[in-house]
Structure formats: C-alpha cells, structure tokens
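Okay, so here's the structure we're looking at.
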Amino acid sequence: MLVDKLSYAPSDAISKHLLPYTEPKRGDIIVFRYPIDINQNYVKRVIGVPGDRIHLQNKIVYLNGKPLLSEPYAQHMYPAPLQYRDNFPLDPQSDPNVYPRAMEMLSQHMVNGEVVVPPVELFCDGGQSR
C-alpha cells in the first residue's frame, strides 16, 4: 500500500505554500499511528467530522440520525454479539477492553446516546492495524 503522508499533515508557515495539504473529509481513508502503540499504523475511514453525531445500533452506523446503509464493503468479522461494539457507544463498561482514554472521551463527548465529534477531531472506523 502506498500512502501520501503529506496530504493531511499539519502545515506550517512555509509548507502550506509548498505542499498539497487538504482537510480530511467524511469518507476519506487515512493512516495514522496508533496512539497507544506508535509502532502500529492504523488504516481507517473517516466517518465523522467536527459536530457530527454518531452511534451504532445493531451493527448499523447512524450519522446525524440517518443510517449509513450503502456500505457494501462493511464486514462483521466477529459473529458473537458484543453490546459495546455493536451498539456503540452504549454501555462501555460492558467491554473490559475499552481503554481509559476511550472512557474519558465518551464521558466528555456523549450526548443522548451518541458521540458528538469535538472540534479539530475526526471519528474513524474500520480497517485493520499493521
């Protein structure tokens, strides 16, 4: 896989005139270092941009109250149901694998059972780490 690390890299006073920086948009595929282990790269799809409301109900993603039904690439790799994963963000305490950092994010950005993407942040989903 080839990745353009410069398109989404933060620009500075000089690079903003030289590099093709663009803001990530909903639907873009991005690569970033996994914050808990920076030796891993994550490949993810941007689902939400600042202000978007997101939740999953029975493995279906809802964006701003509407289901994202046209996702032929979606694969549910784990057939056993998991309340937190399949009905996100409800009941994060039910999954022992939820990191404290994620619990903190949910406590600050969950409104009426949905995650509200904070300013200057993105909500990503999917893909595998490598």
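Ordering of the structure tokens sets the chain letters (A, B, ...); residue numbers start at 1 within each chain; ligands are numbered from 1 in the order shown.
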Exercise for the section: Using DSSP on the backbone coordinates, identify the residues of chain A assigned to strand (DSSP E or B); present them as number ranges by chain. Expected result: A: 29-33, 41-48, 53-57, 60-63, 66-67, 110-111, 114-116, 123-125, 129
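Using only C-alpha atoms, the contacts of Asp52 in chain A at a cut-off of 9 Å, with sequence neighbours closer than 4 positions omitted, comprise Ile47, Gly48, Leu63, Asn64, Val115, Val116, Val117, Pro118 and Phe123 of chain A.
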Practice task
For Asp28 in chain A, please output as a PyMOL selection string all residues within 10 Å (counting only C-alpha atoms; exclusion window: fewer than 5 positions along the same chain).
Solution key: chain A and resi 23+44-47+124
Can you tell me, as a short mmCIF file (atom, residue, chain, number, x, y, z; two decimals) with all heavy atoms, in the first residue's frame, which residues in chain A count as alpha helix (DSSP H) by DSSP?
```cif
data_model
loop_
_atom_site.label_atom_id
_atom_site.label_comp_id
_atom_site.auth_asym_id
_atom_site.auth_seq_id
_atom_site.Cartn_x
_atom_site.Cartn_y
_atom_site.Cartn_z
N SER A 15 5.37 25.33 4.70
CA SER A 15 4.86 24.16 3.98
C SER A 15 3.47 24.38 3.40
O SER A 15 3.10 23.76 2.40
CB SER A 15 4.89 22.92 4.86
OG SER A 15 3.95 23.04 5.91
N LYS A 16 2.68 25.27 4.00
CA LYS A 16 1.32 25.48 3.48
C LYS A 16 1.33 26.04 2.06
O LYS A 16 0.37 25.91 1.34
CB LYS A 16 0.50 26.36 4.41
CG LYS A 16 0.94 27.81 4.48
CD LYS A 16 0.05 28.58 5.44
CE LYS A 16 0.48 30.02 5.52
NZ LYS A 16 -0.34 30.75 6.48
N HIS A 17 2.47 26.64 1.65
CA HIS A 17 2.58 27.17 0.29
C HIS A 17 3.21 26.16 -0.66
O HIS A 17 3.13 26.33 -1.87
CB HIS A 17 3.42 28.44 0.30
CG HIS A 17 2.83 29.53 1.14
ND1 HIS A 17 1.66 30.19 0.81
CD2 HIS A 17 3.22 30.05 2.33
CE1 HIS A 17 1.37 31.07 1.75
NE2 HIS A 17 2.30 31.00 2.69
N LEU A 18 3.83 25.11 -0.13
CA LEU A 18 4.55 24.16 -0.96
C LEU A 18 3.86 22.80 -1.09
O LEU A 18 4.06 22.11 -2.09
CB LEU A 18 5.96 23.93 -0.38
CG LEU A 18 6.83 25.18 -0.24
CD1 LEU A 18 8.11 24.84 0.49
CD2 LEU A 18 7.14 25.76 -1.61
N GLN A 83 -22.26 -6.00 23.14
CA GLN A 83 -23.10 -4.82 23.34
C GLN A 83 -22.37 -3.52 22.99
O GLN A 83 -22.88 -2.71 22.23
CB GLN A 83 -23.61 -4.78 24.79
CG GLN A 83 -24.41 -3.56 25.15
CD GLN A 83 -25.75 -3.47 24.45
OE1 GLN A 83 -26.20 -4.40 23.81
NE2 GLN A 83 -26.38 -2.32 24.56
N TYR A 84 -21.18 -3.33 23.51
CA TYR A 84 -20.47 -2.06 23.30
C TYR A 84 -20.09 -1.87 21.84
O TYR A 84 -20.25 -0.80 21.27
CB TYR A 84 -19.24 -2.00 24.20
CG TYR A 84 -18.36 -0.80 23.95
CD1 TYR A 84 -18.81 0.48 24.28
CD2 TYR A 84 -17.10 -0.92 23.40
CE1 TYR A 84 -18.02 1.59 24.07
CE2 TYR A 84 -16.30 0.17 23.19
CZ TYR A 84 -16.76 1.43 23.52
OH TYR A 84 -15.98 2.52 23.30
N ARG A 85 -19.59 -2.90 21.20
CA ARG A 85 -19.15 -2.80 19.81
C ARG A 85 -20.33 -2.65 18.85
O ARG A 85 -20.29 -1.85 17.92
CB ARG A 85 -18.34 -4.05 19.43
CG ARG A 85 -17.82 -4.03 18.00
CD ARG A 85 -17.33 -5.40 17.56
NE ARG A 85 -18.45 -6.33 17.54
CZ ARG A 85 -18.35 -7.60 17.92
NH1 ARG A 85 -17.22 -8.09 18.36
NH2 ARG A 85 -19.40 -8.40 17.87
N ASP A 86 -21.37 -3.44 19.03
CA ASP A 86 -22.47 -3.48 18.08
C ASP A 86 -23.52 -2.41 18.32
O ASP A 86 -24.36 -2.16 17.45
CB ASP A 86 -23.13 -4.86 18.12
CG ASP A 86 -22.15 -5.97 17.75
OD1 ASP A 86 -21.13 -5.68 17.09
OD2 ASP A 86 -22.41 -7.13 18.13
N PRO A 100 -8.95 3.36 29.18
CA PRO A 100 -9.36 4.52 29.98
C PRO A 100 -9.48 5.79 29.15
O PRO A 100 -10.37 6.61 29.37
CB PRO A 100 -8.25 4.64 31.03
CG PRO A 100 -7.70 3.25 31.16
CD PRO A 100 -7.81 2.65 29.78
N ARG A 101 -8.59 5.96 28.17
CA ARG A 101 -8.64 7.15 27.31
C ARG A 101 -9.97 7.20 26.54
O ARG A 101 -10.55 8.25 26.35
CB ARG A 101 -7.46 7.11 26.35
CG ARG A 101 -7.25 8.33 25.56
CD ARG A 101 -5.92 8.25 24.86
NE ARG A 101 -5.80 9.31 23.90
CZ ARG A 101 -4.77 9.51 23.14
NH1 ARG A 101 -3.73 8.70 23.24
NH2 ARG A 101 -4.73 10.48 22.28
N ALA A 102 -10.45 6.04 26.10
CA ALA A 102 -11.73 5.99 25.39
C ALA A 102 -12.88 6.29 26.34
O ALA A 102 -13.84 6.99 25.97
CB ALA A 102 -11.92 4.62 24.74
N MET A 103 -12.80 5.77 27.55
CA MET A 103 -13.84 6.06 28.55
C MET A 103 -13.91 7.56 28.83
O MET A 103 -15.00 8.13 28.94
CB MET A 103 -13.56 5.29 29.84
CG MET A 103 -13.63 3.78 29.68
SD MET A 103 -15.29 3.20 29.37
CE MET A 103 -15.91 3.23 31.02
N GLU A 104 -12.75 8.19 28.92
CA GLU A 104 -12.70 9.64 29.16
C GLU A 104 -13.34 10.40 27.99
O GLU A 104 -14.12 11.33 28.19
CB GLU A 104 -11.26 10.09 29.36
CG GLU A 104 -11.11 11.56 29.60
CD GLU A 104 -9.66 11.97 29.75
OE1 GLU A 104 -8.78 11.11 29.94
OE2 GLU A 104 -9.40 13.19 29.67
N MET A 105 -13.02 10.00 26.76
CA MET A 105 -13.58 10.65 25.58
C MET A 105 -15.10 10.52 25.59
O MET A 105 -15.82 11.49 25.35
CB MET A 105 -13.00 10.02 24.31
CG MET A 105 -13.52 10.64 23.00
SD MET A 105 -15.12 10.05 22.38
CE MET A 105 -14.81 8.34 22.06
N LEU A 106 -15.60 9.32 25.90
CA LEU A 106 -17.04 9.12 25.92
C LEU A 106 -17.72 9.96 27.00
O LEU A 106 -18.79 10.53 26.78
CB LEU A 106 -17.37 7.65 26.11
CG LEU A 106 -17.04 6.75 24.92
CD1 LEU A 106 -17.19 5.29 25.30
CD2 LEU A 106 -17.89 7.10 23.72
N SER A 107 -17.09 10.07 28.15
CA SER A 107 -17.69 10.85 29.23
C SER A 107 -17.80 12.33 28.86
O SER A 107 -18.70 13.02 29.34
CB SER A 107 -16.89 10.68 30.53
OG SER A 107 -15.65 11.36 30.45
N GLN A 108 -16.93 12.80 27.99
CA GLN A 108 -16.93 14.21 27.62
C GLN A 108 -17.71 14.53 26.35
O GLN A 108 -18.10 15.67 26.13
CB GLN A 108 -15.49 14.70 27.45
CG GLN A 108 -14.68 14.65 28.71
CD GLN A 108 -13.22 15.00 28.47
OE1 GLN A 108 -12.82 15.39 27.38
NE2 GLN A 108 -12.42 14.86 29.51
N HIS A 109 -17.93 13.51 25.50
CA HIS A 109 -18.49 13.80 24.17
C HIS A 109 -19.69 12.93 23.80
O HIS A 109 -20.01 12.80 22.63
CB HIS A 109 -17.40 13.65 23.10
CG HIS A 109 -16.24 14.56 23.33
ND1 HIS A 109 -16.31 15.92 23.17
CD2 HIS A 109 -14.99 14.30 23.78
CE1 HIS A 109 -15.15 16.46 23.48
NE2 HIS A 109 -14.33 15.50 23.85
#
```
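Going from CA of Ile29 in chain A to CA of Pro92 in chain A covers 25.9 Å.
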Problem - Å distance separating CA of Ile36 in chain A from CA of Tyr99 in chain A, one decimal place - result: 9.4 Å
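For the set A:Tyr78, A:Tyr42, A:Phe88, A:Phe32, the residue with the smallest atom-to-atom gap to Gln57 in chain A is A:Phe88, counting only C-alpha atoms.
When CA of Asp91 in chain A is paired with CA of Pro119 in chain A, their separation reads 24.2 Å.
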Problem - Residue contacts of Ile60 in chain A (9 Å, only C-alpha atoms) excluding same-chain residues fewer than 5 positions away, as a list in words - result: His55, Pro67, Leu68, Leu69, Asp86 and Asn87 of chain A
Fill in the blank from the handout: If you count only C-alpha atoms, the residue of A:Val98, A:Val120, A:Val3, A:Leu90 closest to Ile54 in chain A turns out to be A:Leu90
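For the choices A:Asn112, A:Val61, A:Leu122, A:Leu82, the atom-to-atom distance to Lys25 in chain A is smallest for A:Leu122 when using only C-alpha atoms.
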